[in-house]
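*Asks:* Handing you this structure, nothing more for now.
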2 protein chains.
Amino acid sequence: MSKTMKVGDSASVTKVFTEEEVRQFATISGDTNPIHLDKEFAAASVFGQRVVHGMLTASLFSTLLGAKLFEDGAIYLGQSLSFKAPVLLGEAVTASVEIIKIREDKPIVTLRAVCVNSKGQVVIEGESIVKVA
Amino acid sequence: MSKTMKVGDSASVTKVFTEEEVRQFATISGDTNPIHLDKEFAAASVFGQRVVHGMLTASLFSTLLGAKLFEDGAIYLGQSLSFKAPVLLGEAVTASVEIIKIREDKPIVTLRAVCVNSKGQVVIEGESIVKVA
């Protein structure tokens with residue numbers, strides 16, 4: 001277990017998902033719902049514009065856990081996600097994770113995971129669970 | 001609400017994530033952990049081989065909800081994910097969602113979400129919550 005890891009440790013990343021990235025994710029995942037891809041369809045929808053796949057935005061939590069916060073590696077055990085508001089294409093979002101619990105018996109860590117848009121509105125919230133090296 | 005929707009309705013999809021798709025997802029998400037990308041690093045790891053990002057495999061649930069099961073569209077409200085076993089690059093996985101609850105007051109649907117590998121081993125399990133049109 002990382003010797004210096006403690007409750008309150010956090011990491012964050014800001015990202016703008018582009019049209020091209022959303023198209024690539026749609027192709028890789030197979031989620032080709034027109035709300036993500038079709039400008040006219042999205043304009044007529046409840047959102048008024050194309051939105052980024054929720055799971056693509058949520059992948060920023062994986063990025064923070066897998067490539068930022070835990071230098072020695074972490075095994076992803078679980079993630080809960082509550083999608084609170086849409087993320088529009090071209091909109092900046094900031095994802096953050098913060099350690100809220102470290103088990104004493106095992107190197108298993110629980111983190112609060114939150115993603116906000118540029119207005120500070122929470123777009124995703126949940127918890128991550130990882131086993132750290 | 002879809003008139004014909006009922007508890008027990010399900011959809012599934014089988015997919016093999018390729019090296020190229022995993023690289024693309026790493027680039028889009030920023031999760032460039034070497035366990036997904038570096039053959040030698042992965043060979044020396046607990047997994048022995050490169051593994052697909054858990055959130056990429058989990059995106060198959062989004063695909064089923066957004067582009068398969070609900071013809072008239074669905075708004076993703078929540079997803080829980082428990083990562084039970086790794087998915088190796090080039091390994092076939094089958095994701096399934098099944099309606100387990102439909103609220104009577106609102107068109108909000110809970111689904112069991114499971115992903116298994118070609119040996120029938122559960123690699124991800126969780127629940128999806130969507131609001132349907």
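Quick note on naming: the chains in the structure tokens go A, B, ... in the order shown, residues restart at 1 in each chain, and ligands are numbered from 1 in order of appearance.
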Each residue of range 4-92 of chain A with at least one atom at most 10 Å from range 123-127 of chain B should appear once, together with its nearest atom pair and the corresponding distance in Å (one decimal); atoms considered: only C-alpha atoms; ordering: chain, then increasing residue number; output as JSON lines.
*Replies:*
```
{"residue": "A:Leu77", "atom": "CA", "partner": "B:Ile124", "partner_atom": "CA", "distance": 9.5}
{"residue": "A:Gly78", "atom": "CA", "partner": "B:Ile124", "partner_atom": "CA", "distance": 9.0}
{"residue": "A:Gln79", "atom": "CA", "partner": "B:Gly126", "partner_atom": "CA", "distance": 9.3}
{"residue": "A:Ser80", "atom": "CA", "partner": "B:Gly126", "partner_atom": "CA", "distance": 8.9}
```
*Asks:* For the residues in the current selection, export N, CA, C and O atoms as an mmCIF file, in the first residue's frame.
*Replies:*
```cif
data_model
loop_
_atom_site.group_PDB
_atom_site.id
_atom_site.type_symbol
_atom_site.label_atom_id
_atom_site.label_comp_id
_atom_site.auth_asym_id
_atom_site.auth_seq_id
_atom_site.Cartn_x
_atom_site.Cartn_y
_atom_site.Cartn_z
ATOM 1 N N LEU A 77 -12.309 -1.963 -8.430
ATOM 2 C CA LEU A 77 -13.244 -2.964 -7.898
ATOM 3 C C LEU A 77 -14.703 -2.576 -8.106
ATOM 4 O O LEU A 77 -15.561 -3.437 -8.248
ATOM 5 N N GLY A 78 -14.978 -1.274 -8.076
ATOM 6 C CA GLY A 78 -16.377 -0.886 -8.224
ATOM 7 C C GLY A 78 -16.549 0.596 -8.458
ATOM 8 O O GLY A 78 -15.652 1.397 -8.167
ATOM 9 N N GLN A 79 -17.684 0.943 -9.016
ATOM 10 C CA GLN A 79 -18.004 2.337 -9.286
ATOM 11 C C GLN A 79 -19.523 2.490 -9.273
ATOM 12 O O GLN A 79 -20.228 1.718 -9.930
ATOM 13 N N SER A 80 -20.009 3.477 -8.528
ATOM 14 C CA SER A 80 -21.422 3.846 -8.652
ATOM 15 C C SER A 80 -21.484 5.198 -9.338
ATOM 16 O O SER A 80 -20.579 6.028 -9.191
#
```
*Asks:* Please report as number ranges by chain which residues of chain B come no farther than 6 Å from chain A, using only C-alpha atoms.
*Replies:* B: 29-31, 33, 55, 59-60, 63, 66-67, 77-83
*Asks:* Can you write out the residues you just picked, keeping N, CA, C and O atoms, as a PDB file, in the first residue's frame?
*Replies:*
```
ATOM      1  N   SER B  29     -10.135   8.948 -23.191  1.00  0.00           N
ATOM      2  CA  SER B  29     -10.402   9.104 -21.756  1.00  0.00           C
ATOM      3  C   SER B  29      -9.208   9.673 -21.001  1.00  0.00           C
ATOM      4  O   SER B  29      -9.362  10.271 -19.941  1.00  0.00           O
ATOM      5  N   GLY B  30      -8.009   9.438 -21.539  1.00  0.00           N
ATOM      6  CA  GLY B  30      -6.795   9.835 -20.821  1.00  0.00           C
ATOM      7  C   GLY B  30      -6.292   8.741 -19.882  1.00  0.00           C
ATOM      8  O   GLY B  30      -5.283   8.925 -19.210  1.00  0.00           O
ATOM      9  N   ASP B  31      -6.999   7.604 -19.812  1.00  0.00           N
ATOM     10  CA  ASP B  31      -6.547   6.516 -18.942  1.00  0.00           C
ATOM     11  C   ASP B  31      -5.518   5.676 -19.688  1.00  0.00           C
ATOM     12  O   ASP B  31      -5.844   4.698 -20.356  1.00  0.00           O
ATOM     13  N   ASN B  33      -3.013   3.989 -18.350  1.00  0.00           N
ATOM     14  CA  ASN B  33      -2.345   3.021 -17.474  1.00  0.00           C
ATOM     15  C   ASN B  33      -1.743   1.901 -18.332  1.00  0.00           C
ATOM     16  O   ASN B  33      -2.420   1.350 -19.201  1.00  0.00           O
ATOM     17  N   MET B  55     -14.211   0.470 -17.541  1.00  0.00           N
ATOM     18  CA  MET B  55     -15.257   1.394 -17.962  1.00  0.00           C
ATOM     19  C   MET B  55     -15.584   1.247 -19.450  1.00  0.00           C
ATOM     20  O   MET B  55     -16.676   1.600 -19.882  1.00  0.00           O
ATOM     21  N   SER B  59     -19.237   0.180 -20.831  1.00  0.00           N
ATOM     22  CA  SER B  59     -19.960   1.024 -21.793  1.00  0.00           C
ATOM     23  C   SER B  59     -20.927   0.199 -22.636  1.00  0.00           C
ATOM     24  O   SER B  59     -21.860   0.742 -23.233  1.00  0.00           O
ATOM     25  N   LEU B  60     -20.746  -1.117 -22.640  1.00  0.00           N
ATOM     26  CA  LEU B  60     -21.695  -1.975 -23.368  1.00  0.00           C
ATOM     27  C   LEU B  60     -23.091  -1.895 -22.744  1.00  0.00           C
ATOM     28  O   LEU B  60     -24.092  -2.075 -23.441  1.00  0.00           O
ATOM     29  N   THR B  63     -24.674   0.985 -24.287  1.00  0.00           N
ATOM     30  CA  THR B  63     -25.046   0.621 -25.656  1.00  0.00           C
ATOM     31  C   THR B  63     -26.384  -0.105 -25.688  1.00  0.00           C
ATOM     32  O   THR B  63     -27.262   0.200 -26.501  1.00  0.00           O
ATOM     33  N   GLY B  66     -29.071   2.512 -24.592  1.00  0.00           N
ATOM     34  CA  GLY B  66     -29.227   3.683 -25.457  1.00  0.00           C
ATOM     35  C   GLY B  66     -29.503   3.348 -26.902  1.00  0.00           C
ATOM     36  O   GLY B  66     -30.026   4.180 -27.646  1.00  0.00           O
ATOM     37  N   ALA B  67     -29.149   2.135 -27.303  1.00  0.00           N
ATOM     38  CA  ALA B  67     -29.273   1.844 -28.722  1.00  0.00           C
ATOM     39  C   ALA B  67     -29.923   0.494 -29.026  1.00  0.00           C
ATOM     40  O   ALA B  67     -30.026   0.110 -30.186  1.00  0.00           O
ATOM     41  N   LEU B  77     -29.977   7.391 -15.828  1.00  0.00           N
ATOM     42  CA  LEU B  77     -29.998   8.044 -14.514  1.00  0.00           C
ATOM     43  C   LEU B  77     -28.913   7.514 -13.586  1.00  0.00           C
ATOM     44  O   LEU B  77     -28.422   8.258 -12.737  1.00  0.00           O
ATOM     45  N   GLY B  78     -28.579   6.251 -13.721  1.00  0.00           N
ATOM     46  CA  GLY B  78     -27.584   5.720 -12.802  1.00  0.00           C
ATOM     47  C   GLY B  78     -27.080   4.360 -13.214  1.00  0.00           C
ATOM     48  O   GLY B  78     -27.713   3.651 -14.007  1.00  0.00           O
ATOM     49  N   GLN B  79     -25.913   4.017 -12.692  1.00  0.00           N
ATOM     50  CA  GLN B  79     -25.304   2.722 -12.990  1.00  0.00           C
ATOM     51  C   GLN B  79     -24.404   2.344 -11.835  1.00  0.00           C
ATOM     52  O   GLN B  79     -23.579   3.158 -11.394  1.00  0.00           O
ATOM     53  N   SER B  80     -24.551   1.139 -11.331  1.00  0.00           N
ATOM     54  CA  SER B  80     -23.569   0.618 -10.391  1.00  0.00           C
ATOM     55  C   SER B  80     -22.784  -0.479 -11.088  1.00  0.00           C
ATOM     56  O   SER B  80     -23.315  -1.176 -11.959  1.00  0.00           O
ATOM     57  N   LEU B  81     -21.525  -0.584 -10.723  1.00  0.00           N
ATOM     58  CA  LEU B  81     -20.621  -1.523 -11.392  1.00  0.00           C
ATOM     59  C   LEU B  81     -19.740  -2.198 -10.355  1.00  0.00           C
ATOM     60  O   LEU B  81     -19.095  -1.516  -9.552  1.00  0.00           O
ATOM     61  N   SER B  82     -19.708  -3.506 -10.399  1.00  0.00           N
ATOM     62  CA  SER B  82     -18.774  -4.255  -9.573  1.00  0.00           C
ATOM     63  C   SER B  82     -17.889  -5.039 -10.539  1.00  0.00           C
ATOM     64  O   SER B  82     -18.386  -5.870 -11.310  1.00  0.00           O
ATOM     65  N   PHE B  83     -16.608  -4.696 -10.529  1.00  0.00           N
ATOM     66  CA  PHE B  83     -15.674  -5.342 -11.461  1.00  0.00           C
ATOM     67  C   PHE B  83     -15.156  -6.614 -10.803  1.00  0.00           C
ATOM     68  O   PHE B  83     -14.401  -6.568  -9.827  1.00  0.00           O
TER      69      PHE B  83
END
```
*Asks:* Residues within 8 Å of Val109 in chain B, please, as a PyMOL selection string. Count only C-alpha atoms; anything in the same chain fewer than 5 positions from it doesn't count.
*Replies:* chain B and resi 99-103+129-132
*Asks:* Using only C-alpha atoms, which protein or nucleic acid residues come within 8 Å of Ser12 in chain A? Drop anything in the same chain fewer than 6 positions from it, and give the result as a PDB file with N, CA, C and O atoms, in the first residue's frame.
*Replies:*
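Output contents, as saved in selection.pdb:
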```
ATOM      1  N   LEU A  64      -8.466   9.102 -13.499  1.00  0.00           N
ATOM      2  CA  LEU A  64      -7.880   9.629 -12.268  1.00  0.00           C
ATOM      3  C   LEU A  64      -7.331   8.501 -11.396  1.00  0.00           C
ATOM      4  O   LEU A  64      -6.260   8.620 -10.804  1.00  0.00           O
ATOM      5  N   THR A  94     -15.060  18.924 -15.163  1.00  0.00           N
ATOM      6  CA  THR A  94     -13.955  18.613 -14.259  1.00  0.00           C
ATOM      7  C   THR A  94     -14.361  17.451 -13.369  1.00  0.00           C
ATOM      8  O   THR A  94     -15.340  17.538 -12.626  1.00  0.00           O
ATOM      9  N   ALA A  95     -13.612  16.368 -13.492  1.00  0.00           N
ATOM     10  CA  ALA A  95     -13.857  15.181 -12.665  1.00  0.00           C
ATOM     11  C   ALA A  95     -12.860  15.174 -11.518  1.00  0.00           C
ATOM     12  O   ALA A  95     -11.692  15.532 -11.701  1.00  0.00           O
ATOM     13  N   SER A  96     -13.338  14.793 -10.343  1.00  0.00           N
ATOM     14  CA  SER A  96     -12.476  14.729  -9.161  1.00  0.00           C
ATOM     15  C   SER A  96     -12.759  13.446  -8.390  1.00  0.00           C
ATOM     16  O   SER A  96     -13.907  12.995  -8.329  1.00  0.00           O
ATOM     17  N   VAL A  97     -11.718  12.908  -7.791  1.00  0.00           N
ATOM     18  CA  VAL A  97     -11.891  11.799  -6.849  1.00  0.00           C
ATOM     19  C   VAL A  97     -11.160  12.165  -5.568  1.00  0.00           C
ATOM     20  O   VAL A  97     -10.122  12.814  -5.599  1.00  0.00           O
TER      21      VAL A  97
END
```
*Asks:* Smallest atom-to-atom distance to Val7 in chain B: which of B:Val116, B:Leu111, B:Val93, B:Val52, using only C-alpha atoms?
*Replies:* B:Leu111
*Asks:* Which distance in Å separates CA of Phe47 in chain B and CA of Gly8 in chain A, to one decimal?
*Replies:*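 That distance, rounded to one decimal, is 29.5 Å.
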*Asks:* Give me the residues within 9 Å of Glu40 in chain A as a list in words, counting only C-alpha atoms and dropping any in the same chain fewer than 4 places off.
*Replies:*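 My reading of the contact set: Ala44, Ser45, Gln49 and Arg50 of chain A.
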*Asks:* Give me a file of those residues, with C-alpha atoms, as an mmCIF file, in the first residue's frame.
*Replies:*
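Contents of the output file out.cif:
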```cif
data_model
loop_
_atom_site.group_PDB
_atom_site.id
_atom_site.type_symbol
_atom_site.label_atom_id
_atom_site.label_comp_id
_atom_site.auth_asym_id
_atom_site.auth_seq_id
_atom_site.Cartn_x
_atom_site.Cartn_y
_atom_site.Cartn_z
ATOM 1 C CA ALA A 44 -35.395 18.565 -31.154
ATOM 2 C CA SER A 45 -34.767 16.565 -27.955
ATOM 3 C CA GLN A 49 -28.067 19.805 -28.171
ATOM 4 C CA ARG A 50 -25.921 16.726 -28.608
#
```
*Asks:* Which residues in range 34-127 of chain B does DSSP call helix (DSSP H, G or I)? List them as a list in words.
*Replies:*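 The residues of range 34-127 of chain B classed as helix (DSSP H, G or I) are Pro34, Ile35, His36, Leu37, Lys39, Glu40, Phe41, Ala42, Ala43, Gly54, Met55, Leu56, Thr57, Ala58, Ser59, Leu60, Phe61, Ser62, Thr63, Leu64, Leu65, Gly66, Ala67, Lys68 and Leu69 of chain B.
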*Asks:* Go through A:Arg23, A:Lys106, A:Lys119, A:Arg112 one by one, measure the shortest atom-to-atom distance of each to Val87 in chain A using only C-alpha atoms, and give the residue with the smallest value.
*Replies:*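 Looking only at the distances to Val87 in chain A, the closest residue turns out to be A:Lys119.
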